[in-house]
Amino acid sequence: MLRQLLGLRSPVNTLLRMLNPLAAPCLIQGIFHPGYRAIHQQAALLLQQPHMAVFKGEGGESERNPDMPCQVYRVHGGTATTEDWPALFSGQRHLRDEQMDCKRLAALWRNECEDEYGTAAVIGTVAIALHLLGRAATTEEATRLAKDMWCARQRARLTVT
């Protein structure tokens, strides 16, 4: 109810995103307000989180918007860095799916439908995770690896059915 009163969510939402009760070595956070990226990054340093990435996610979620460049604030082994990831589409904006039917996500995963934006959002988000995990040295390499993984998933699905 504080959102209606204050015009934004309370600081408790930010605090809750920083909790890591199972001591996961890597955290990915999506935020809505870009100014919070540095705050989350500095909090991760204070909490001695070994690896963390935070970016302006789609609707504040940990989902990359492939239409826009993405600035990722990272913590890696006690060092804070910032990375600029280019948009995955040049000059193109996709319209938001107003229905947000979860069945479409499952259909996309099973290769039963096509969704250019959805596919790129998955690839872009996975690329950030792969880079955070140290599976790729550069943003370009991480994006290539994420695309390869997506295509391998599609090929595996096609050979099983």
# chains A, B, ... in the order shown; residues from 1 in each chain; ligands from 1
>>> select_by_dssp(residues="chain A", states="strand (DSSP E)", output="PyMOL selection string")
chain A and resi 26-31+51-56+70-76+79-85
>>> write_last_selection(atoms="N, CA and C atoms", output="PDB file, in the first residue's frame")
ATOM      1  N   CYS A  26      26.141 -16.388  -7.402  1.00  0.00           N
ATOM      2  CA  CYS A  26      25.819 -15.394  -8.428  1.00  0.00           C
ATOM      3  C   CYS A  26      24.375 -14.924  -8.259  1.00  0.00           C
ATOM      4  N   LEU A  27      24.180 -13.621  -8.383  1.00  0.00           N
ATOM      5  CA  LEU A  27      22.845 -13.030  -8.331  1.00  0.00           C
ATOM      6  C   LEU A  27      22.630 -12.181  -9.571  1.00  0.00           C
ATOM      7  N   ILE A  28      21.438 -12.258 -10.131  1.00  0.00           N
ATOM      8  CA  ILE A  28      21.034 -11.358 -11.213  1.00  0.00           C
ATOM      9  C   ILE A  28      19.801 -10.620 -10.732  1.00  0.00           C
ATOM     10  N   GLN A  29      19.835  -9.298 -10.877  1.00  0.00           N
ATOM     11  CA  GLN A  29      18.720  -8.475 -10.436  1.00  0.00           C
ATOM     12  C   GLN A  29      18.267  -7.573 -11.569  1.00  0.00           C
ATOM     13  N   GLY A  30      16.978  -7.462 -11.707  1.00  0.00           N
ATOM     14  CA  GLY A  30      16.397  -6.494 -12.613  1.00  0.00           C
ATOM     15  C   GLY A  30      15.735  -5.406 -11.800  1.00  0.00           C
ATOM     16  N   ILE A  31      15.914  -4.170 -12.206  1.00  0.00           N
ATOM     17  CA  ILE A  31      15.296  -3.043 -11.513  1.00  0.00           C
ATOM     18  C   ILE A  31      14.557  -2.205 -12.545  1.00  0.00           C
ATOM     19  N   HIS A  51      29.512 -12.447  -6.891  1.00  0.00           N
ATOM     20  CA  HIS A  51      29.202 -12.154  -8.292  1.00  0.00           C
ATOM     21  C   HIS A  51      27.749 -11.688  -8.388  1.00  0.00           C
ATOM     22  N   MET A  52      27.546 -10.515  -8.979  1.00  0.00           N
ATOM     23  CA  MET A  52      26.202  -9.958  -9.090  1.00  0.00           C
ATOM     24  C   MET A  52      26.139  -9.097 -10.336  1.00  0.00           C
ATOM     25  N   ALA A  53      24.997  -9.149 -11.007  1.00  0.00           N
ATOM     26  CA  ALA A  53      24.737  -8.268 -12.139  1.00  0.00           C
ATOM     27  C   ALA A  53      23.356  -7.663 -11.937  1.00  0.00           C
ATOM     28  N   VAL A  54      23.245  -6.367 -12.169  1.00  0.00           N
ATOM     29  CA  VAL A  54      21.957  -5.683 -12.071  1.00  0.00           C
ATOM     30  C   VAL A  54      21.797  -4.798 -13.298  1.00  0.00           C
ATOM     31  N   PHE A  55      20.589  -4.801 -13.855  1.00  0.00           N
ATOM     32  CA  PHE A  55      20.308  -4.006 -15.045  1.00  0.00           C
ATOM     33  C   PHE A  55      18.849  -3.581 -15.025  1.00  0.00           C
ATOM     34  N   LYS A  56      18.527  -2.576 -15.842  1.00  0.00           N
ATOM     35  CA  LYS A  56      17.138  -2.138 -15.973  1.00  0.00           C
ATOM     36  C   LYS A  56      16.413  -3.210 -16.755  1.00  0.00           C
ATOM     37  N   CYS A  70      21.663  -1.943 -23.069  1.00  0.00           N
ATOM     38  CA  CYS A  70      21.522  -2.363 -21.670  1.00  0.00           C
ATOM     39  C   CYS A  70      22.829  -2.095 -20.937  1.00  0.00           C
ATOM     40  N   GLN A  71      22.750  -1.322 -19.882  1.00  0.00           N
ATOM     41  CA  GLN A  71      23.928  -1.080 -19.062  1.00  0.00           C
ATOM     42  C   GLN A  71      23.841  -2.003 -17.850  1.00  0.00           C
ATOM     43  N   VAL A  72      24.862  -2.843 -17.693  1.00  0.00           N
ATOM     44  CA  VAL A  72      24.888  -3.829 -16.613  1.00  0.00           C
ATOM     45  C   VAL A  72      25.944  -3.407 -15.595  1.00  0.00           C
ATOM     46  N   TYR A  73      25.507  -3.282 -14.361  1.00  0.00           N
ATOM     47  CA  TYR A  73      26.418  -3.002 -13.254  1.00  0.00           C
ATOM     48  C   TYR A  73      26.746  -4.341 -12.619  1.00  0.00           C
ATOM     49  N   ARG A  74      28.042  -4.649 -12.544  1.00  0.00           N
ATOM     50  CA  ARG A  74      28.469  -5.968 -12.064  1.00  0.00           C
ATOM     51  C   ARG A  74      29.344  -5.857 -10.835  1.00  0.00           C
ATOM     52  N   VAL A  75      29.350  -6.924 -10.078  1.00  0.00           N
ATOM     53  CA  VAL A  75      30.343  -7.154  -9.045  1.00  0.00           C
ATOM     54  C   VAL A  75      30.945  -8.501  -9.374  1.00  0.00           C
ATOM     55  N   HIS A  76      32.250  -8.538  -9.445  1.00  0.00           N
ATOM     56  CA  HIS A  76      32.946  -9.790  -9.757  1.00  0.00           C
ATOM     57  C   HIS A  76      34.176  -9.866  -8.859  1.00  0.00           C
ATOM     58  N   THR A  79      35.159  -6.571  -7.131  1.00  0.00           N
ATOM     59  CA  THR A  79      35.392  -5.419  -8.000  1.00  0.00           C
ATOM     60  C   THR A  79      34.101  -5.032  -8.713  1.00  0.00           C
ATOM     61  N   ALA A  80      33.806  -3.746  -8.684  1.00  0.00           N
ATOM     62  CA  ALA A  80      32.618  -3.228  -9.352  1.00  0.00           C
ATOM     63  C   ALA A  80      32.981  -2.723 -10.746  1.00  0.00           C
ATOM     64  N   THR A  81      32.199  -3.131 -11.740  1.00  0.00           N
ATOM     65  CA  THR A  81      32.396  -2.667 -13.109  1.00  0.00           C
ATOM     66  C   THR A  81      31.041  -2.357 -13.732  1.00  0.00           C
ATOM     67  N   THR A  82      31.086  -1.665 -14.846  1.00  0.00           N
ATOM     68  CA  THR A  82      29.891  -1.365 -15.611  1.00  0.00           C
ATOM     69  C   THR A  82      30.150  -1.761 -17.051  1.00  0.00           C
ATOM     70  N   GLU A  83      29.165  -2.394 -17.682  1.00  0.00           N
ATOM     71  CA  GLU A  83      29.290  -2.842 -19.076  1.00  0.00           C
ATOM     72  C   GLU A  83      28.131  -2.302 -19.891  1.00  0.00           C
ATOM     73  N   ASP A  84      28.426  -1.942 -21.110  1.00  0.00           N
ATOM     74  CA  ASP A  84      27.393  -1.504 -22.046  1.00  0.00           C
ATOM     75  C   ASP A  84      27.147  -2.623 -23.044  1.00  0.00           C
ATOM     76  N   TRP A  85      25.915  -3.110 -23.062  1.00  0.00           N
ATOM     77  CA  TRP A  85      25.502  -4.154 -23.998  1.00  0.00           C
ATOM     78  C   TRP A  85      24.665  -3.479 -25.079  1.00  0.00           C
TER      79      TRP A  85
END
>>> residues_around(residues="Arg135 of chain A", least_positions_apart="6", cutoff="12 Å", atoms="only C-alpha atoms", output="ChimeraX atom specification")
/A:126-129,141-146
>>> closest_residue(among="A:Pro69, A:Lys103, A:Leu16, A:Val122", to="His40 of chain A", atoms="only C-alpha atoms")
A:Leu16
>>> atom_distance(atom1="atom CA of Leu105 of chain A", atom2="atom CA of Phe32 of chain A")
22.2 Å
>>> atom_distance(atom1="atom CA of Ala121 of chain A", atom2="atom CA of Ala137 of chain A")
20.4 Å
>>> closest_residue(among="A:Gln99, A:Thr139, A:Gln154, A:Gln49", to="Thr119 of chain A", atoms="only C-alpha atoms")
A:Gln154
>>> atom_distance(atom1="atom CA of Leu132 of chain A", atom2="atom CA of Leu88 of chain A")
18.6 Å
>>> closest_residue(among="A:Asn20, A:Gln41, A:Gln92, A:Thr138", to="Asn65 of chain A", atoms="only C-alpha atoms")
A:Gln92
>>> select_by_dssp(residues="segment 16-157 of chain A", states="helix (DSSP H, G or I)", output="PyMOL selection string")
chain A and resi 16-18+36-46+58-60+102-109+116-132+139-157
